[in-house]
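Below is the file work_4.txt, which contains compact mmCIF, C-alpha atoms.
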```
# COMPACT_ATOMS: atom_id res chain seq x y z
CA MET L 19 86.18 -43.83 -77.82
CA LEU L 20 85.66 -41.51 -80.80
CA VAL L 21 86.22 -37.84 -80.06
CA THR L 22 86.75 -35.68 -83.15
CA ARG L 23 86.19 -32.09 -84.23
CA GLY L 24 83.64 -32.79 -86.92
CA HIS L 25 81.27 -35.48 -88.10
CA GLN L 26 83.28 -36.02 -91.30
CA TYR L 27 86.05 -37.41 -89.09
CA ASP L 28 83.54 -39.39 -87.03
CA VAL L 29 82.42 -41.10 -90.24
CA GLU L 30 85.97 -41.96 -91.33
CA LEU L 31 87.02 -43.23 -87.93
CA LEU L 32 83.83 -45.19 -87.28
CA LEU L 33 84.29 -46.93 -90.64
CA GLU L 34 87.78 -47.97 -89.54
CA VAL L 35 86.80 -49.46 -86.16
CA LEU L 36 83.16 -50.54 -86.43
CA ASP L 37 83.99 -54.20 -87.04
CA ASP L 38 87.04 -54.36 -84.78
CA PRO L 39 86.76 -56.57 -81.68
CA LEU L 40 86.85 -53.70 -79.18
CA ALA L 41 85.73 -54.08 -75.58
CA TYR L 42 84.14 -50.62 -75.71
CA LEU L 43 83.23 -48.37 -78.61
CA GLY L 44 81.82 -45.00 -77.69
CA MET L 45 81.18 -41.83 -79.63
CA ILE L 46 80.92 -38.39 -78.11
CA GLY L 47 78.50 -35.86 -79.54
CA SER L 48 74.93 -34.71 -79.51
CA ARG L 49 72.13 -37.13 -80.35
CA ARG L 50 71.55 -35.11 -83.54
CA ARG L 51 75.19 -35.41 -84.63
CA ILE L 52 75.28 -39.13 -83.88
CA ARG L 53 72.05 -39.73 -85.77
CA ALA L 54 73.45 -37.79 -88.75
CA VAL L 55 76.61 -39.94 -88.78
CA TYR L 56 74.59 -43.17 -88.62
CA GLU L 57 72.24 -42.04 -91.39
CA LEU L 58 75.14 -41.00 -93.61
CA LEU L 59 76.88 -44.36 -93.13
CA GLU L 60 73.64 -46.22 -93.85
CA ARG L 61 72.84 -44.20 -96.95
CA GLU L 62 76.27 -43.77 -98.52
CA CYS L 63 78.13 -46.87 -97.33
CA GLY L 64 75.28 -49.36 -97.03
CA ILE L 65 76.06 -50.18 -93.42
CA PRO L 66 73.06 -51.84 -91.76
CA ARG L 67 71.59 -50.06 -88.74
CA HIS L 68 72.18 -53.01 -86.39
CA LYS L 69 75.96 -52.51 -86.69
CA PHE L 70 75.60 -49.33 -84.64
CA ASP L 71 74.02 -51.18 -81.71
CA ARG L 72 77.42 -51.76 -80.13
CA VAL L 73 78.35 -48.07 -80.24
CA HIS L 74 77.72 -46.28 -76.96
CA ALA L 75 76.47 -42.91 -78.06
CA PRO L 76 76.29 -40.41 -76.64
CA ILE L 77 78.86 -41.78 -74.22
CA GLY L 78 78.56 -41.85 -70.46
CA LEU L 79 76.01 -43.08 -67.97
CA ASN L 80 73.10 -40.74 -67.40
CA ILE L 81 73.90 -39.60 -63.87
CA GLY L 82 72.96 -35.96 -64.34
CA ALA L 83 76.58 -34.91 -64.84
CA GLN L 84 77.11 -31.21 -65.51
CA THR L 85 80.75 -30.31 -64.91
CA PRO L 86 83.65 -31.64 -66.99
CA ALA L 87 84.81 -33.73 -64.03
CA GLU L 88 81.34 -35.24 -63.57
CA ILE L 89 81.07 -35.98 -67.29
CA ALA L 90 84.46 -37.71 -67.17
CA VAL L 91 83.24 -39.86 -64.25
CA ALA L 92 80.06 -40.75 -66.18
CA ILE L 93 82.11 -41.80 -69.22
CA LEU L 94 84.57 -43.86 -67.23
CA ALA L 95 81.74 -45.48 -65.27
CA GLU L 96 80.14 -46.60 -68.54
CA ILE L 97 83.44 -47.96 -69.85
CA ILE L 98 84.06 -49.91 -66.63
CA ASN L 99 80.48 -51.20 -66.58
CA THR L 100 80.73 -52.38 -70.19
CA VAL L 101 84.15 -54.01 -69.89
CA ARG L 102 83.31 -55.72 -66.59
CA GLY L 103 79.78 -56.74 -67.62
CA GLY L 104 78.13 -54.78 -64.84
CA ALA L 105 74.43 -54.78 -64.02
CA LEU L 106 73.76 -51.77 -66.25
CA ALA L 107 75.03 -53.58 -69.37
```

Using structure tokens, write down the structure from this file.
Amino acid sequence: MLVTRGHQYDVELLLEVLDDPLAYLGMIGSRRRIRAVYELLERECGIPRHKFDRVHAPIGLNIGAQTPAEIAVAILAEIINTVRGGALA
């Protein structure tokens, strides 16, 4: 799971792990921030858009979570669902 303080770090870290055989790859952030990271990687690094299909972003199942504890549950639920091949996958 990528959690950084700025999209410059998201770019660097995503470049490092994008092709790694990870069971789950998620990126926290707003849809706008995530889109900006993807567009930058496409434009400046030539990474094809389909490579981002395996990135769960923004992370977490959409369960209407509002509090930090609820958001944590939504994120962990998505990780478990992905790793275990649940019905939502």

inquiry  = Restricting the calculation to only C-alpha atoms: of L:Val29, L:Leu20, L:Ile65, L:Val91, which residue gets closest to Met45 (chain L)?
reply    =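 Comparing L:Val29, L:Leu20, L:Ile65, L:Val91 against Met45 (chain L), the winner is L:Leu20.
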
message = Could you check the closest approach to Ser48 (chain L) for each of L:Arg72, L:Ile77, L:Cys63, L:Tyr27 and tell me which residue wins, using all atoms listed in the file?
response = L:Ile77

request  = Give me, please, the distance in Å between CA of Ile98 (chain L) and CA of Asp37 (chain L), quoted to one decimal.
outcome  =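 The value is 20.9 Å.
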
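The residue that comes closest to Arg67 (chain L), out of L:Leu94, L:Gln84, L:Ile46, L:Leu36 and on the basis of all atoms listed in the file, is L:Leu36.
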
message = Report as a PyMOL selection string all protein, DNA and RNA residues lying within 10 Å of Gly47 (chain L), evaluated on all atoms listed in the file, omitting residues in the same chain fewer than 4 positions from it.
response = chain L and resi 20-25+28+51-53+75-77

task = Using all atoms listed in the file, find the one residue out of L:Ile89, L:Met19, L:Leu43, L:Ala105 that sits nearest to Lys69 (chain L).
result =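 Checking each of L:Ile89, L:Met19, L:Leu43, L:Ala105 against Lys69 (chain L), counting all atoms listed in the file, the winner is L:Leu43.
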
ask   = For Val35 (chain L), which residue among L:Ala95, L:Ile81, L:Val55, L:Val73 is the nearest when counting only C-alpha atoms?
value = L:Val73

request  = Enter the distance from CA of Glu57 (chain L) to CA of Gln26 (chain L), in Å, rounded to one decimal.
outcome  =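 Result for CA of Glu57 (chain L) versus CA of Gln26 (chain L): 12.6 Å, one decimal.
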
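Nearest-residue note for Gly78 (chain L): choosing from L:Leu106, L:Leu59, L:Ala54, L:Leu40, the minimum distance belongs to L:Leu106, counting only C-alpha atoms.
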
request  = Could you please determine the separation between CA of Ala41 (chain L) and CA of Val101 (chain L) in Å, to one decimal place?
outcome  =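 One can read the CA of Ala41 (chain L) to CA of Val101 (chain L) distance as 5.9 Å.
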
Listed atoms of region 28-34 of chain L boxed along x, y and z, 3 Å each side, centre and edge lengths in Å, one decimal, as JSON:
```
{"center_x": 85.1, "center_y": -43.7, "center_z": -89.2, "size_x": 11.4, "size_y": 14.6, "size_z": 10.3}
```

Could you add whatever atoms are missing so that region 44-80 of chain L carries N, CA and C atoms, then write the result as a JSON list (two decimals), in the coordinates of the input?
```
[["chain", "number", "residue", "atom", "x", "y", "z"],
["L", 44, "GLY", "N", 82.69, -46.10, -78.04],
["L", 44, "GLY", "CA", 81.82, -45.00, -77.69],
["L", 44, "GLY", "C", 82.09, -43.81, -78.59],
["L", 45, "MET", "N", 81.07, -42.99, -78.76],
["L", 45, "MET", "CA", 81.18, -41.83, -79.63],
["L", 45, "MET", "C", 80.58, -40.63, -78.92],
["L", 46, "ILE", "N", 81.39, -39.59, -78.78],
["L", 46, "ILE", "CA", 80.92, -38.39, -78.11],
["L", 46, "ILE", "C", 80.19, -37.51, -79.13],
["L", 47, "GLY", "N", 79.22, -36.77, -78.67],
["L", 47, "GLY", "CA", 78.50, -35.86, -79.54],
["L", 47, "GLY", "C", 77.03, -35.80, -79.18],
["L", 48, "SER", "N", 76.36, -34.86, -79.76],
["L", 48, "SER", "CA", 74.93, -34.71, -79.51],
["L", 48, "SER", "C", 74.17, -35.85, -80.20],
["L", 49, "ARG", "N", 72.97, -36.09, -79.72],
["L", 49, "ARG", "CA", 72.13, -37.13, -80.35],
["L", 49, "ARG", "C", 71.92, -36.81, -81.83],
["L", 50, "ARG", "N", 71.76, -35.54, -82.14],
["L", 50, "ARG", "CA", 71.55, -35.11, -83.54],
["L", 50, "ARG", "C", 72.77, -35.43, -84.40],
["L", 51, "ARG", "N", 73.96, -35.14, -83.89],
["L", 51, "ARG", "CA", 75.19, -35.41, -84.63],
["L", 51, "ARG", "C", 75.39, -36.91, -84.83],
["L", 52, "ILE", "N", 75.14, -37.68, -83.80],
["L", 52, "ILE", "CA", 75.28, -39.13, -83.88],
["L", 52, "ILE", "C", 74.30, -39.71, -84.89],
["L", 53, "ARG", "N", 73.06, -39.26, -84.82],
["L", 53, "ARG", "CA", 72.05, -39.73, -85.77],
["L", 53, "ARG", "C", 72.46, -39.39, -87.20],
["L", 54, "ALA", "N", 73.01, -38.20, -87.41],
["L", 54, "ALA", "CA", 73.45, -37.79, -88.75],
["L", 54, "ALA", "C", 74.58, -38.69, -89.26],
["L", 55, "VAL", "N", 75.51, -39.05, -88.39],
["L", 55, "VAL", "CA", 76.61, -39.94, -88.78],
["L", 55, "VAL", "C", 76.06, -41.31, -89.16],
["L", 56, "TYR", "N", 75.18, -41.86, -88.34],
["L", 56, "TYR", "CA", 74.59, -43.17, -88.62],
["L", 56, "TYR", "C", 73.83, -43.15, -89.95],
["L", 57, "GLU", "N", 73.02, -42.13, -90.16],
["L", 57, "GLU", "CA", 72.24, -42.04, -91.39],
["L", 57, "GLU", "C", 73.14, -41.92, -92.62],
["L", 58, "LEU", "N", 74.20, -41.15, -92.51],
["L", 58, "LEU", "CA", 75.14, -41.00, -93.61],
["L", 58, "LEU", "C", 75.80, -42.34, -93.94],
["L", 59, "LEU", "N", 76.24, -43.07, -92.92],
["L", 59, "LEU", "CA", 76.88, -44.36, -93.13],
["L", 59, "LEU", "C", 75.90, -45.39, -93.71],
["L", 60, "GLU", "N", 74.66, -45.32, -93.29],
["L", 60, "GLU", "CA", 73.64, -46.22, -93.85],
["L", 60, "GLU", "C", 73.42, -45.90, -95.33],
["L", 61, "ARG", "N", 73.19, -44.64, -95.60],
["L", 61, "ARG", "CA", 72.84, -44.20, -96.95],
["L", 61, "ARG", "C", 74.00, -44.32, -97.94],
["L", 62, "GLU", "N", 75.17, -43.85, -97.57],
["L", 62, "GLU", "CA", 76.27, -43.77, -98.52],
["L", 62, "GLU", "C", 77.20, -44.98, -98.52],
["L", 63, "CYS", "N", 77.21, -45.72, -97.42],
["L", 63, "CYS", "CA", 78.13, -46.87, -97.33],
["L", 63, "CYS", "C", 77.39, -48.19, -97.21],
["L", 64, "GLY", "N", 76.06, -48.14, -97.11],
["L", 64, "GLY", "CA", 75.28, -49.36, -97.03],
["L", 64, "GLY", "C", 75.45, -50.15, -95.75],
["L", 65, "ILE", "N", 75.88, -49.49, -94.70],
["L", 65, "ILE", "CA", 76.06, -50.18, -93.42],
["L", 65, "ILE", "C", 74.70, -50.37, -92.75],
["L", 66, "PRO", "N", 74.36, -51.60, -92.40],
["L", 66, "PRO", "CA", 73.06, -51.84, -91.76],
["L", 66, "PRO", "C", 72.99, -51.23, -90.36],
["L", 67, "ARG", "N", 71.82, -50.76, -90.00],
["L", 67, "ARG", "CA", 71.59, -50.06, -88.74],
["L", 67, "ARG", "C", 72.03, -50.88, -87.52],
["L", 68, "HIS", "N", 71.85, -52.18, -87.56],
["L", 68, "HIS", "CA", 72.18, -53.01, -86.39],
["L", 68, "HIS", "C", 73.66, -52.96, -86.03],
["L", 69, "LYS", "N", 74.51, -52.60, -86.98],
["L", 69, "LYS", "CA", 75.96, -52.51, -86.69],
["L", 69, "LYS", "C", 76.27, -51.42, -85.68],
["L", 70, "PHE", "N", 75.38, -50.44, -85.56],
["L", 70, "PHE", "CA", 75.60, -49.33, -84.64],
["L", 70, "PHE", "C", 75.14, -49.65, -83.22],
["L", 71, "ASP", "N", 74.53, -50.80, -83.03],
["L", 71, "ASP", "CA", 74.02, -51.18, -81.71],
["L", 71, "ASP", "C", 75.13, -51.28, -80.67],
["L", 72, "ARG", "N", 76.32, -51.61, -81.09],
["L", 72, "ARG", "CA", 77.42, -51.76, -80.13],
["L", 72, "ARG", "C", 78.12, -50.44, -79.80],
["L", 73, "VAL", "N", 77.75, -49.38, -80.50],
["L", 73, "VAL", "CA", 78.35, -48.07, -80.24],
["L", 73, "VAL", "C", 77.60, -47.39, -79.10],
["L", 74, "HIS", "N", 78.31, -47.03, -78.08],
["L", 74, "HIS", "CA", 77.72, -46.28, -76.96],
["L", 74, "HIS", "C", 77.73, -44.82, -77.37],
["L", 75, "ALA", "N", 76.55, -44.29, -77.60],
["L", 75, "ALA", "CA", 76.47, -42.91, -78.06],
["L", 75, "ALA", "C", 75.13, -42.29, -77.68],
["L", 76, "PRO", "N", 75.11, -41.12, -77.14],
["L", 76, "PRO", "CA", 76.29, -40.41, -76.64],
["L", 76, "PRO", "C", 76.88, -41.17, -75.45],
["L", 77, "ILE", "N", 78.17, -41.00, -75.24],
["L", 77, "ILE", "CA", 78.86, -41.78, -74.22],
["L", 77, "ILE", "C", 78.57, -41.27, -72.81],
["L", 78, "GLY", "N", 78.73, -42.19, -71.86],
["L", 78, "GLY", "CA", 78.56, -41.85, -70.46],
["L", 78, "GLY", "C", 77.23, -42.30, -69.90],
["L", 79, "LEU", "N", 77.26, -42.73, -68.64],
["L", 79, "LEU", "CA", 76.01, -43.08, -67.97],
["L", 79, "LEU", "C", 75.24, -41.81, -67.64],
["L", 80, "ASN", "N", 73.94, -41.89, -67.69],
["L", 80, "ASN", "CA", 73.10, -40.74, -67.40],
["L", 80, "ASN", "C", 72.97, -40.58, -65.89]]
```
